[in-house]
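Dumped my_file19.cif below, it's mmCIF, C-alpha atoms:
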```cif
data_final
loop_
_atom_site.group_PDB
_atom_site.id
_atom_site.type_symbol
_atom_site.label_atom_id
_atom_site.label_comp_id
_atom_site.auth_asym_id
_atom_site.auth_seq_id
_atom_site.Cartn_x
_atom_site.Cartn_y
_atom_site.Cartn_z
ATOM 1 C CA MET W 115 0.000 0.000 0.000
ATOM 2 C CA THR W 116 1.194 3.512 -0.835
ATOM 3 C CA PHE W 117 -0.086 6.654 0.879
ATOM 4 C CA PRO W 118 -0.202 10.201 -0.550
ATOM 5 C CA ASP W 119 3.113 12.021 -0.086
ATOM 6 C CA ILE W 120 2.438 15.076 2.072
ATOM 7 C CA THR W 121 6.018 15.930 2.995
ATOM 8 C CA SER W 122 6.089 19.112 0.867
ATOM 9 C CA ASP W 123 2.876 20.370 2.440
ATOM 10 C CA LEU W 124 4.274 19.772 5.915
ATOM 11 C CA ARG W 125 7.536 21.546 5.089
ATOM 12 C CA GLN W 126 5.633 24.577 3.811
ATOM 13 C CA ARG W 127 3.505 24.602 6.914
ATOM 14 C CA MET W 128 6.555 24.275 9.221
ATOM 15 C CA PRO W 129 9.445 26.236 7.663
ATOM 16 C CA GLU W 130 11.553 26.055 10.852
ATOM 17 C CA LEU W 131 11.399 22.280 11.103
ATOM 18 C CA ARG W 132 14.893 20.773 11.359
ATOM 19 C CA GLY W 133 14.110 17.078 11.519
ATOM 20 C CA ARG W 134 13.771 14.608 8.643
ATOM 21 C CA LEU W 135 10.477 13.810 6.905
ATOM 22 C CA ALA W 136 10.237 10.789 4.604
ATOM 23 C CA ALA W 137 7.214 9.377 2.797
ATOM 24 C CA ASN W 138 6.076 5.739 2.592
ATOM 25 C CA VAL W 139 8.892 4.271 4.656
ATOM 26 C CA SER W 140 8.799 0.528 5.250
ATOM 27 C CA LEU W 141 8.262 -0.144 8.945
ATOM 28 C CA ALA W 142 9.052 -3.824 8.422
ATOM 29 C CA ASP W 143 12.670 -2.742 8.013
ATOM 30 C CA ILE W 144 12.835 -1.168 11.477
ATOM 31 C CA THR W 145 10.672 -3.460 13.633
ATOM 32 C CA TRP W 146 11.916 -6.670 15.216
ATOM 33 C CA PHE W 147 9.117 -8.773 13.694
ATOM 34 C CA ARG W 148 10.169 -7.606 10.203
ATOM 35 C CA ALA W 149 6.533 -7.476 9.108
ATOM 36 C CA GLY W 150 3.877 -4.902 8.259
ATOM 37 C CA GLY W 151 3.249 -2.022 5.904
ATOM 38 C CA PRO W 152 4.740 1.476 5.523
ATOM 39 C CA ALA W 153 4.428 4.700 7.468
ATOM 40 C CA GLN W 154 2.748 7.410 5.420
ATOM 41 C CA ILE W 155 5.310 9.800 6.903
ATOM 42 C CA LEU W 156 8.292 8.911 9.075
ATOM 43 C CA PHE W 157 9.465 11.932 11.066
ATOM 44 C CA THR W 158 12.807 11.940 12.885
ATOM 45 C CA PRO W 159 12.958 15.118 14.999
ATOM 46 C CA ALA W 160 16.282 16.819 15.591
ATOM 47 C CA ASP W 161 15.696 17.273 19.324
ATOM 48 C CA GLU W 162 12.973 17.942 21.889
ATOM 49 C CA ALA W 163 12.367 21.509 20.710
ATOM 50 C CA ASP W 164 12.006 20.303 17.112
ATOM 51 C CA LEU W 165 9.514 17.647 18.215
ATOM 52 C CA ALA W 166 7.509 20.237 20.146
ATOM 53 C CA TYR W 167 7.515 22.564 17.123
ATOM 54 C CA PHE W 168 6.238 19.800 14.860
ATOM 55 C CA LEU W 169 3.427 18.777 17.213
ATOM 56 C CA LYS W 170 2.380 22.395 17.723
ATOM 57 C CA HIS W 171 2.157 23.146 13.995
ATOM 58 C CA LYS W 172 1.028 19.905 12.367
ATOM 59 C CA PRO W 173 -2.560 19.722 11.047
ATOM 60 C CA GLU W 174 -4.987 18.802 13.834
ATOM 61 C CA ASP W 175 -6.503 16.002 11.775
ATOM 62 C CA LEU W 176 -3.141 14.376 11.020
ATOM 63 C CA PRO W 177 -2.591 11.485 13.455
ATOM 64 C CA ALA W 178 0.851 10.995 14.962
ATOM 65 C CA PHE W 179 2.308 7.912 16.641
ATOM 66 C CA ALA W 180 5.641 7.545 18.407
ATOM 67 C CA ILE W 181 7.703 4.361 18.196
ATOM 68 C CA GLY W 182 11.036 3.349 19.670
ATOM 69 C CA LEU W 183 13.301 0.553 18.481
ATOM 70 C CA GLY W 184 10.317 -1.481 17.293
ATOM 71 C CA SER W 185 11.066 -4.301 19.721
ATOM 72 C CA ASN W 186 7.516 -4.751 21.008
ATOM 73 C CA LEU W 187 5.621 -3.418 18.007
ATOM 74 C CA LEU W 188 3.423 -5.236 15.500
ATOM 75 C CA VAL W 189 2.614 -3.170 12.407
ATOM 76 C CA ARG W 190 -0.398 -4.240 10.372
ATOM 77 C CA ASP W 191 0.000 -4.904 6.661
ATOM 78 C CA GLY W 192 -1.884 -1.841 5.445
ATOM 79 C CA GLY W 193 0.623 0.454 7.103
ATOM 80 C CA VAL W 194 0.184 3.485 9.324
ATOM 81 C CA GLN W 195 -1.763 6.462 8.034
ATOM 82 C CA GLY W 196 -0.425 9.732 9.372
ATOM 83 C CA VAL W 197 2.971 10.405 10.932
ATOM 84 C CA VAL W 198 5.155 7.879 12.705
ATOM 85 C CA ILE W 199 7.641 9.680 14.953
ATOM 86 C CA ARG W 200 10.900 7.879 15.607
ATOM 87 C CA LEU W 201 13.313 9.497 18.019
ATOM 88 C CA GLY W 202 16.958 9.343 16.996
ATOM 89 C CA ARG W 203 20.311 11.004 17.752
ATOM 90 C CA GLY W 204 18.800 14.044 19.416
ATOM 91 C CA PHE W 205 17.382 11.788 22.114
ATOM 92 C CA ALA W 206 20.321 9.405 22.540
ATOM 93 C CA GLU W 207 22.484 11.122 25.155
ATOM 94 C CA ILE W 208 23.371 9.688 28.564
ATOM 95 C CA LYS W 209 24.672 11.861 31.416
ATOM 96 C CA VAL W 210 25.852 10.732 34.844
ATOM 97 C CA GLU W 211 25.079 13.323 37.522
ATOM 98 C CA PRO W 212 26.012 13.696 41.204
ATOM 99 C CA GLY W 213 23.952 11.763 43.741
ATOM 100 C CA HIS W 214 23.891 8.484 41.798
ATOM 101 C CA LEU W 215 21.704 10.054 39.114
ATOM 102 C CA LEU W 216 21.664 9.092 35.446
ATOM 103 C CA ARG W 217 19.860 11.070 32.753
ATOM 104 C CA ALA W 218 19.025 9.369 29.459
ATOM 105 C CA GLY W 219 17.246 10.333 26.263
ATOM 106 C CA THR W 220 14.365 8.077 25.370
ATOM 107 C CA ALA W 221 15.992 6.778 22.179
ATOM 108 C CA VAL W 222 18.737 5.149 24.260
ATOM 109 C CA PRO W 223 18.496 1.331 24.330
ATOM 110 C CA ASP W 224 17.703 -0.057 27.778
ATOM 111 C CA VAL W 225 20.842 -2.194 27.760
ATOM 112 C CA LYS W 226 23.008 0.874 27.149
ATOM 113 C CA VAL W 227 21.531 2.586 30.216
ATOM 114 C CA ALA W 228 22.267 -0.508 32.302
ATOM 115 C CA ARG W 229 25.850 -0.528 31.084
ATOM 116 C CA ALA W 230 26.381 3.205 31.680
ATOM 117 C CA ALA W 231 25.014 2.901 35.209
ATOM 118 C CA ALA W 232 27.302 -0.039 35.925
ATOM 119 C CA GLU W 233 30.372 1.810 34.680
ATOM 120 C CA ALA W 234 29.446 4.773 36.907
ATOM 121 C CA GLY W 235 28.955 2.563 39.968
ATOM 122 C CA ILE W 236 25.195 3.220 40.086
ATOM 123 C CA ALA W 237 23.304 0.171 41.347
ATOM 124 C CA GLY W 238 19.637 -0.548 40.690
ATOM 125 C CA LEU W 239 19.452 -0.466 36.883
ATOM 126 C CA ALA W 240 21.047 -3.828 36.040
ATOM 127 C CA PHE W 241 17.607 -5.288 35.272
ATOM 128 C CA TYR W 242 17.471 -3.135 32.135
ATOM 129 C CA ARG W 243 20.048 -5.531 30.666
ATOM 130 C CA GLY W 244 17.203 -7.999 30.211
ATOM 131 C CA ILE W 245 14.712 -5.670 28.508
ATOM 132 C CA PRO W 246 14.795 -5.147 24.746
ATOM 133 C CA GLY W 247 13.859 -1.762 23.368
ATOM 134 C CA SER W 248 14.511 1.835 24.354
ATOM 135 C CA ILE W 249 13.891 4.033 27.371
ATOM 136 C CA GLY W 250 10.781 5.600 25.831
ATOM 137 C CA GLY W 251 9.081 2.225 25.768
ATOM 138 C CA ALA W 252 10.295 1.457 29.283
ATOM 139 C CA LEU W 253 8.591 4.619 30.537
ATOM 140 C CA ARG W 254 5.401 3.922 28.632
ATOM 141 C CA MET W 255 4.947 0.401 30.017
ATOM 142 C CA ASN W 256 6.801 0.525 33.336
ATOM 143 C CA ALA W 257 9.148 -2.090 31.905
ATOM 144 C CA GLY W 258 10.589 -4.567 34.335
ATOM 145 C CA ALA W 259 12.448 -7.840 34.695
ATOM 146 C CA HIS W 260 13.994 -10.038 37.367
ATOM 147 C CA GLY W 261 12.005 -8.527 40.212
ATOM 148 C CA SER W 262 12.603 -4.849 39.395
ATOM 149 C CA GLU W 263 10.570 -2.283 37.476
ATOM 150 C CA THR W 264 11.107 1.174 36.043
ATOM 151 C CA LYS W 265 9.090 2.683 38.891
ATOM 152 C CA ASP W 266 11.745 1.490 41.354
ATOM 153 C CA VAL W 267 14.472 3.731 39.921
ATOM 154 C CA LEU W 268 12.769 6.575 38.027
ATOM 155 C CA LYS W 269 12.974 10.045 39.596
ATOM 156 C CA GLU W 270 11.361 12.101 36.826
ATOM 157 C CA ALA W 271 10.649 12.148 33.100
ATOM 158 C CA ARG W 272 10.120 14.712 30.360
ATOM 159 C CA ALA W 273 7.362 14.500 27.759
ATOM 160 C CA VAL W 274 5.802 16.557 24.970
ATOM 161 C CA ASP W 275 2.009 16.666 24.672
ATOM 162 C CA PRO W 276 0.061 16.806 21.360
ATOM 163 C CA GLU W 277 -0.049 20.611 21.487
ATOM 164 C CA GLY W 278 3.735 20.851 21.733
ATOM 165 C CA ASN W 279 3.897 21.692 25.440
ATOM 166 C CA ILE W 280 6.844 20.245 27.377
ATOM 167 C CA HIS W 281 6.165 18.646 30.762
ATOM 168 C CA VAL W 282 8.431 17.507 33.595
ATOM 169 C CA LEU W 283 6.768 14.563 35.333
ATOM 170 C CA SER W 284 7.543 13.275 38.804
ATOM 171 C CA LEU W 285 7.441 9.576 39.624
ATOM 172 C CA ALA W 286 3.970 10.100 41.099
ATOM 173 C CA ASP W 287 2.833 11.857 37.908
ATOM 174 C CA MET W 288 3.695 8.719 35.898
ATOM 175 C CA GLY W 289 0.922 6.709 37.532
ATOM 176 C CA PHE W 290 2.821 3.458 37.172
ATOM 177 C CA THR W 291 1.078 0.111 37.566
ATOM 178 C CA TYR W 292 1.992 -3.296 36.152
ATOM 179 C CA ARG W 293 3.231 -2.742 32.569
ATOM 180 C CA HIS W 294 1.364 0.553 32.366
ATOM 181 C CA SER W 295 1.772 4.289 32.795
ATOM 182 C CA ALA W 296 -1.187 6.620 33.347
ATOM 183 C CA VAL W 297 0.438 9.372 31.252
ATOM 184 C CA PRO W 298 -1.784 10.004 28.186
ATOM 185 C CA VAL W 299 -0.807 7.716 25.311
ATOM 186 C CA ASP W 300 -0.398 10.650 22.913
ATOM 187 C CA TRP W 301 2.310 12.277 25.061
ATOM 188 C CA ILE W 302 5.809 11.489 23.803
ATOM 189 C CA PHE W 303 8.528 10.860 26.364
ATOM 190 C CA THR W 304 11.845 12.539 25.605
ATOM 191 C CA GLU W 305 14.044 11.993 28.664
ATOM 192 C CA ALA W 306 14.276 10.018 31.909
ATOM 193 C CA LEU W 307 16.149 10.788 35.118
ATOM 194 C CA TYR W 308 17.039 7.736 37.211
ATOM 195 C CA GLU W 309 18.202 7.588 40.813
ATOM 196 C CA GLY W 310 20.154 4.533 41.903
ATOM 197 C CA THR W 311 22.417 3.779 44.833
ATOM 198 C CA ALA W 312 26.152 3.400 45.270
ATOM 199 C CA GLY W 313 27.435 0.110 43.907
ATOM 200 C CA ASP W 314 30.583 -1.675 42.867
ATOM 201 C CA PRO W 315 30.924 -1.648 39.044
ATOM 202 C CA ALA W 316 32.305 -5.200 38.951
ATOM 203 C CA GLU W 317 29.392 -6.548 41.012
ATOM 204 C CA ILE W 318 26.840 -4.699 38.888
ATOM 205 C CA LEU W 319 28.396 -6.059 35.690
ATOM 206 C CA ARG W 320 28.257 -9.572 37.146
ATOM 207 C CA ALA W 321 24.565 -9.089 37.863
ATOM 208 C CA MET W 322 24.062 -7.915 34.294
ATOM 209 C CA ASP W 323 25.845 -10.996 32.987
ATOM 210 C CA GLU W 324 23.489 -13.178 35.017
ATOM 211 C CA VAL W 325 20.504 -11.390 33.493
ATOM 212 C CA ALA W 326 21.936 -11.844 29.989
ATOM 213 C CA ASP W 327 22.665 -15.537 30.587
ATOM 214 C CA TYR W 328 19.136 -16.111 31.853
ATOM 215 C CA ARG W 329 17.635 -14.452 28.773
ATOM 216 C CA GLU W 330 19.755 -16.511 26.413
ATOM 217 C CA GLN W 331 18.835 -19.756 28.144
ATOM 218 C CA HIS W 332 15.116 -19.106 28.510
ATOM 219 C CA GLN W 333 14.062 -16.738 25.727
ATOM 220 C CA PRO W 334 14.331 -16.854 21.903
ATOM 221 C CA ILE W 335 16.395 -13.682 21.753
ATOM 222 C CA LYS W 336 18.020 -14.505 18.404
ATOM 223 C CA GLU W 337 14.686 -14.873 16.577
ATOM 224 C CA ARG W 338 12.419 -12.345 14.888
ATOM 225 C CA THR W 339 10.123 -11.727 17.815
ATOM 226 C CA GLY W 340 8.366 -8.885 19.584
ATOM 227 C CA GLY W 341 9.425 -9.950 23.060
ATOM 228 C CA SER W 342 6.869 -10.837 25.707
ATOM 229 C CA THR W 343 3.513 -10.990 23.892
ATOM 230 C CA PHE W 344 0.920 -10.951 26.668
ATOM 231 C CA LYS W 345 0.830 -9.469 30.156
ATOM 232 C CA ASN W 346 0.789 -11.888 33.064
ATOM 233 C CA PRO W 347 -2.752 -12.026 34.478
ATOM 234 C CA PRO W 348 -3.050 -11.475 38.253
ATOM 235 C CA GLY W 349 -1.742 -14.546 40.037
ATOM 236 C CA ALA W 350 -0.865 -16.405 36.834
ATOM 237 C CA SER W 351 1.862 -16.708 34.194
ATOM 238 C CA ALA W 352 0.930 -16.054 30.580
ATOM 239 C CA TRP W 353 3.393 -18.643 29.274
ATOM 240 C CA LYS W 354 1.957 -21.382 31.499
ATOM 241 C CA LEU W 355 -1.590 -20.628 30.383
ATOM 242 C CA ILE W 356 -0.497 -20.713 26.735
ATOM 243 C CA ASP W 357 1.339 -24.001 27.245
ATOM 244 C CA GLU W 358 -1.604 -25.583 29.068
ATOM 245 C CA ALA W 359 -3.880 -24.534 26.201
ATOM 246 C CA GLY W 360 -1.724 -26.631 23.853
ATOM 247 C CA CYS W 361 -0.252 -23.698 21.960
ATOM 248 C CA ARG W 362 3.480 -24.407 22.302
ATOM 249 C CA GLY W 363 4.808 -24.500 18.728
ATOM 250 C CA PHE W 364 1.389 -23.646 17.248
ATOM 251 C CA ARG W 365 1.732 -22.067 13.798
ATOM 252 C CA VAL W 366 -0.258 -19.655 11.655
ATOM 253 C CA GLY W 367 1.256 -18.991 8.230
ATOM 254 C CA GLY W 368 4.815 -17.780 8.616
ATOM 255 C CA ALA W 369 4.688 -17.326 12.397
ATOM 256 C CA HIS W 370 4.565 -19.684 15.371
ATOM 257 C CA VAL W 371 4.541 -19.776 19.171
ATOM 258 C CA SER W 372 8.072 -20.262 20.477
ATOM 259 C CA GLU W 373 8.959 -23.734 21.677
ATOM 260 C CA LYS W 374 11.493 -22.184 24.051
ATOM 261 C CA HIS W 375 9.142 -19.697 25.732
ATOM 262 C CA CYS W 376 5.411 -19.821 25.001
ATOM 263 C CA ASN W 377 4.858 -16.105 25.565
ATOM 264 C CA PHE W 378 6.972 -15.245 22.511
ATOM 265 C CA LEU W 379 5.707 -15.262 18.927
ATOM 266 C CA ILE W 380 8.301 -15.944 16.223
ATOM 267 C CA ASN W 381 8.252 -14.768 12.623
ATOM 268 C CA ASP W 382 10.452 -17.424 11.024
ATOM 269 C CA GLN W 383 8.951 -17.926 7.556
ATOM 270 C CA GLY W 384 8.232 -14.451 6.229
ATOM 271 C CA GLY W 385 5.000 -14.080 8.163
ATOM 272 C CA THR W 386 2.790 -11.070 7.535
ATOM 273 C CA GLY W 387 1.465 -8.738 10.162
ATOM 274 C CA GLU W 388 -1.855 -10.540 9.815
ATOM 275 C CA ASP W 389 -0.211 -13.938 10.362
ATOM 276 C CA ILE W 390 1.312 -12.725 13.624
ATOM 277 C CA GLU W 391 -1.833 -11.013 14.879
ATOM 278 C CA ARG W 392 -3.973 -14.009 13.918
ATOM 279 C CA LEU W 393 -1.570 -16.266 15.788
ATOM 280 C CA GLY W 394 -1.798 -14.098 18.891
ATOM 281 C CA GLU W 395 -5.582 -13.832 18.754
ATOM 282 C CA THR W 396 -5.942 -17.577 18.293
ATOM 283 C CA VAL W 397 -3.726 -18.154 21.314
ATOM 284 C CA ARG W 398 -5.905 -15.760 23.310
ATOM 285 C CA ALA W 399 -9.055 -17.608 22.214
ATOM 286 C CA ARG W 400 -7.617 -20.994 23.175
ATOM 287 C CA VAL W 401 -6.466 -19.776 26.576
ATOM 288 C CA LYS W 402 -9.910 -18.267 27.163
ATOM 289 C CA ALA W 403 -11.569 -21.562 26.228
ATOM 290 C CA LYS W 404 -9.205 -23.625 28.381
ATOM 291 C CA ALA W 405 -8.727 -21.457 31.470
ATOM 292 C CA GLY W 406 -11.449 -18.824 31.289
ATOM 293 C CA ILE W 407 -8.811 -16.077 31.312
ATOM 294 C CA THR W 408 -8.536 -13.354 28.680
ATOM 295 C CA LEU W 409 -4.885 -12.533 27.999
ATOM 296 C CA GLU W 410 -4.092 -8.861 27.426
ATOM 297 C CA TRP W 411 -1.663 -7.905 24.661
ATOM 298 C CA GLU W 412 1.633 -6.453 25.860
ATOM 299 C CA ILE W 413 2.869 -5.939 22.290
ATOM 300 C CA ILE W 414 1.584 -2.728 20.680
ATOM 301 C CA ARG W 415 -0.394 -3.265 17.461
ATOM 302 C CA LEU W 416 -0.387 -0.297 15.115
ATOM 303 C CA GLY W 417 -1.852 0.586 11.734
ATOM 304 C CA LEU W 418 -4.415 -0.609 9.237
ATOM 305 C CA PRO W 419 -5.051 -4.082 7.818
ATOM 306 C CA ARG W 420 -5.000 -4.712 4.120
ATOM 307 C CA GLU W 421 -8.245 -3.534 2.549
ATOM 308 C CA GLY W 422 -11.158 -5.709 3.541
ATOM 309 C CA ARG W 423 -9.212 -7.756 6.088
ATOM 310 C CA PRO W 424 -10.258 -8.134 9.751
ATOM 311 C CA VAL W 425 -8.206 -7.207 12.825
ATOM 312 C CA GLY W 426 -8.185 -8.106 16.487
ATOM 313 C CA GLU W 427 -10.409 -10.819 17.894
ATOM 314 C CA ALA W 428 -12.089 -11.322 14.506
ATOM 315 C CA LEU W 429 -8.850 -12.947 13.333
ATOM 316 C CA ALA W 430 -8.932 -15.795 15.864
ATOM 317 C CA GLU W 431 -9.185 -19.214 14.296
ATOM 318 C CA THR W 432 -11.892 -21.505 15.603
ATOM 319 C CA VAL W 433 -10.822 -23.182 18.829
ATOM 320 C CA GLY W 434 -9.924 -26.775 18.103
ATOM 321 C CA SER W 435 -9.347 -26.179 14.387
#
```
Will you turn the file into structure tokens for me?
Amino acid sequence: MTFPDITSDLRQRMPELRGRLAANVSLADITWFRAGGPAQILFTPADEADLAYFLKHKPEDLPAFAIGLGSNLLVRDGGVQGVVIRLGRGFAEIKVEPGHLLRAGTAVPDVKVARAAAEAGIAGLAFYRGIPGSIGGALRMNAGAHGSETKDVLKEARAVDPEGNIHVLSLADMGFTYRHSAVPVDWIFTEALYEGTAGDPAEILRAMDEVADYREQHQPIKERTGGSTFKNPPGASAWKLIDEAGCRGFRVGGAHVSEKHCNFLINDQGGTGEDIERLGETVRARVKAKAGITLEWEIIRLGLPREGRPVGEALAETVGS
């Protein structure tokens, strides 16, 4: 699918814009699943001020969506109408500050923050070694692993709202709960300030190695996957429910449920966005039929289906088929 190219119109409307605008950019090339259609416009802002300028001056009826490294993102095959905002170099700085503080732009990969904290002797962020993606996504979903969550170390964050206003948010303002932030979904995070404790760099690096070893042993980290697919329901494990529903290894088209970890979907045979979403929805239907529990997607699904094709629960294959 190809969308109308509106880059010239946007440039005329925003003469002071410094970031890059590109039309009909394949999102399959920049998401970990390697599936899905194009972005009508991909905008890479130069910095926070450039992002704020764009949001303030863009047409009100032009939708905008922010993405990070594409590690937990499923793009549908029809692509994304409107503007996809991808933060780049202008949001990739890390600064160590007095008082065991670390400031990071939201384009920084989580693992890089863990490493920088370790080198600075700041304890408390080693768990980020086990989380794929960037800091923006970690803020959005209160990312966590190995008994720690973003809420345990975050001091404050910066974000830009849809009108281009810049906000400084305290930990309380974030409204963190399990894999969720109460900050409006159309606010774009630009920076995080973390507060750790004093630690020995060698010990922190050893802890990070343990996290990395665990991931390699228990998760399909070398596959085309979107990471953890479904949130753990209260008092239960998503992977156990999926396994008990007989979905380990289950395949739809070019995608299948990981044999190594049932809460991961793998695109191993050129699966489409629809293949992957259908696989996930069928898993949800089978878990619902078996255990009476409705799994909630942790992976973000974005965009339009191909013309005339269903999305969401309508994709689920008949239980037992």
Evaluate the PyMOL selection byres ((chain W and resi 245) around 12) against this structure - the residues, as a PDB file with C-alpha atoms, in the frame of the given file, please.
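This is the output file result-v1.pdb:
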```
ATOM      1  CA  LEU W 183      13.301   0.553  18.481  1.00  0.00           C
ATOM      2  CA  SER W 185      11.066  -4.301  19.721  1.00  0.00           C
ATOM      3  CA  ASN W 186       7.516  -4.751  21.008  1.00  0.00           C
ATOM      4  CA  PRO W 223      18.496   1.331  24.330  1.00  0.00           C
ATOM      5  CA  ASP W 224      17.703  -0.057  27.778  1.00  0.00           C
ATOM      6  CA  VAL W 225      20.842  -2.194  27.760  1.00  0.00           C
ATOM      7  CA  LYS W 226      23.008   0.874  27.149  1.00  0.00           C
ATOM      8  CA  VAL W 227      21.531   2.586  30.216  1.00  0.00           C
ATOM      9  CA  ALA W 228      22.267  -0.508  32.302  1.00  0.00           C
ATOM     10  CA  LEU W 239      19.452  -0.466  36.883  1.00  0.00           C
ATOM     11  CA  ALA W 240      21.047  -3.828  36.040  1.00  0.00           C
ATOM     12  CA  PHE W 241      17.607  -5.288  35.272  1.00  0.00           C
ATOM     13  CA  TYR W 242      17.471  -3.135  32.135  1.00  0.00           C
ATOM     14  CA  ARG W 243      20.048  -5.531  30.666  1.00  0.00           C
ATOM     15  CA  GLY W 244      17.203  -7.999  30.211  1.00  0.00           C
ATOM     16  CA  PRO W 246      14.795  -5.147  24.746  1.00  0.00           C
ATOM     17  CA  GLY W 247      13.859  -1.762  23.368  1.00  0.00           C
ATOM     18  CA  SER W 248      14.511   1.835  24.354  1.00  0.00           C
ATOM     19  CA  ILE W 249      13.891   4.033  27.371  1.00  0.00           C
ATOM     20  CA  GLY W 251       9.081   2.225  25.768  1.00  0.00           C
ATOM     21  CA  ALA W 252      10.295   1.457  29.283  1.00  0.00           C
ATOM     22  CA  MET W 255       4.947   0.401  30.017  1.00  0.00           C
ATOM     23  CA  ASN W 256       6.801   0.525  33.336  1.00  0.00           C
ATOM     24  CA  ALA W 257       9.148  -2.090  31.905  1.00  0.00           C
ATOM     25  CA  GLY W 258      10.589  -4.567  34.335  1.00  0.00           C
ATOM     26  CA  ALA W 259      12.448  -7.840  34.695  1.00  0.00           C
ATOM     27  CA  HIS W 260      13.994 -10.038  37.367  1.00  0.00           C
ATOM     28  CA  SER W 262      12.603  -4.849  39.395  1.00  0.00           C
ATOM     29  CA  GLU W 263      10.570  -2.283  37.476  1.00  0.00           C
ATOM     30  CA  THR W 264      11.107   1.174  36.043  1.00  0.00           C
ATOM     31  CA  MET W 322      24.062  -7.915  34.294  1.00  0.00           C
ATOM     32  CA  VAL W 325      20.504 -11.390  33.493  1.00  0.00           C
ATOM     33  CA  ALA W 326      21.936 -11.844  29.989  1.00  0.00           C
ATOM     34  CA  TYR W 328      19.136 -16.111  31.853  1.00  0.00           C
ATOM     35  CA  ARG W 329      17.635 -14.452  28.773  1.00  0.00           C
ATOM     36  CA  GLN W 333      14.062 -16.738  25.727  1.00  0.00           C
ATOM     37  CA  ILE W 335      16.395 -13.682  21.753  1.00  0.00           C
ATOM     38  CA  GLY W 340       8.366  -8.885  19.584  1.00  0.00           C
ATOM     39  CA  GLY W 341       9.425  -9.950  23.060  1.00  0.00           C
ATOM     40  CA  SER W 342       6.869 -10.837  25.707  1.00  0.00           C
TER      41      SER W 342
END
```
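Neighbours of Ala306 in chain W closer than or equal to 6 Å, with only C-alpha atoms counted and sequence neighbours fewer than 4 positions away skipped, come out as W:Arg217, W:Ala218, W:Ala271.
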Using all atoms listed in the file, I'd like a table of the residues in range 265-366 of chain W that come within 8 Å of range 389-405 of chain W; for each, show the closest atom pair and its distance in Å rounded to one decimal, ordered by chain and ascending number, as a tab-separated table.
```
residue	atom	partner	partner_atom	distance
W:Thr343	CA	W:Gly394	CA	7.9
W:Leu355	CA	W:Val401	CA	6.2
W:Ile356	CA	W:Val401	CA	6.0
W:Glu358	CA	W:Lys404	CA	7.9
W:Ala359	CA	W:Val401	CA	5.4
W:Cys361	CA	W:Val397	CA	6.6
W:Arg365	CA	W:Leu393	CA	7.0
W:Val366	CA	W:Leu393	CA	5.5
```
Given the file above and the PyMOL selection byres ((chain W and resi 221) around 6), which residues are selected, and can you give them as a PyMOL selection string? chain W and resi 201-202+205-206+219-220+222+248
Ground truth for the PyMOL selection byres ((chain W and resi 158-170) around 9), written as a PyMOL selection string: chain W and resi 128+130-136+156-157+171-173+178+198-205+273-280+304
Cut-off 10 Å around (10.7, -18.8, 7.0) with only C-alpha atoms: residues as a list in words: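 Neighbouring residues, ordered by chain and number, come to Gly367, Gly368, Ala369, Ile380, Asn381, Asp382, Gln383, Gly384 and Gly385 of chain W.
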Those same residues - C-alpha atoms - I'd like them written as a PDB file, keeping the file's coordinate frame.
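Dumped everything to selection_11.pdb:
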```
ATOM      1  CA  GLY W 367       1.256 -18.991   8.230  1.00  0.00           C
ATOM      2  CA  GLY W 368       4.815 -17.780   8.616  1.00  0.00           C
ATOM      3  CA  ALA W 369       4.688 -17.326  12.397  1.00  0.00           C
ATOM      4  CA  ILE W 380       8.301 -15.944  16.223  1.00  0.00           C
ATOM      5  CA  ASN W 381       8.252 -14.768  12.623  1.00  0.00           C
ATOM      6  CA  ASP W 382      10.452 -17.424  11.024  1.00  0.00           C
ATOM      7  CA  GLN W 383       8.951 -17.926   7.556  1.00  0.00           C
ATOM      8  CA  GLY W 384       8.232 -14.451   6.229  1.00  0.00           C
ATOM      9  CA  GLY W 385       5.000 -14.080   8.163  1.00  0.00           C
TER      10      GLY W 385
END
```
Which is closest to Ala142 in chain W among W:Leu319, W:Val282, W:Leu188, W:Ile208, if we use all atoms listed in the file?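 The shortest atom-to-atom distance to Ala142 in chain W comes from W:Leu188.
The space separating CA of Leu307 in chain W from CA of Leu253 in chain W comes to 10.8 Å.
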Answer as a ChimeraX atom specification, residues within 6 Å of (-4.2, -1.3, 5.0) using only C-alpha atoms: /W:191-193,418-421
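Proximity of W:Gly151, W:Pro347, W:Thr116, W:Gly417 to Pro177 in chain W, computed with all atoms listed in the file, is greatest for W:Gly417.
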May I ask for the distance between CA of Val197 in chain W and CA of Ile155 in chain W, given in Å to one decimal place? 4.7 Å
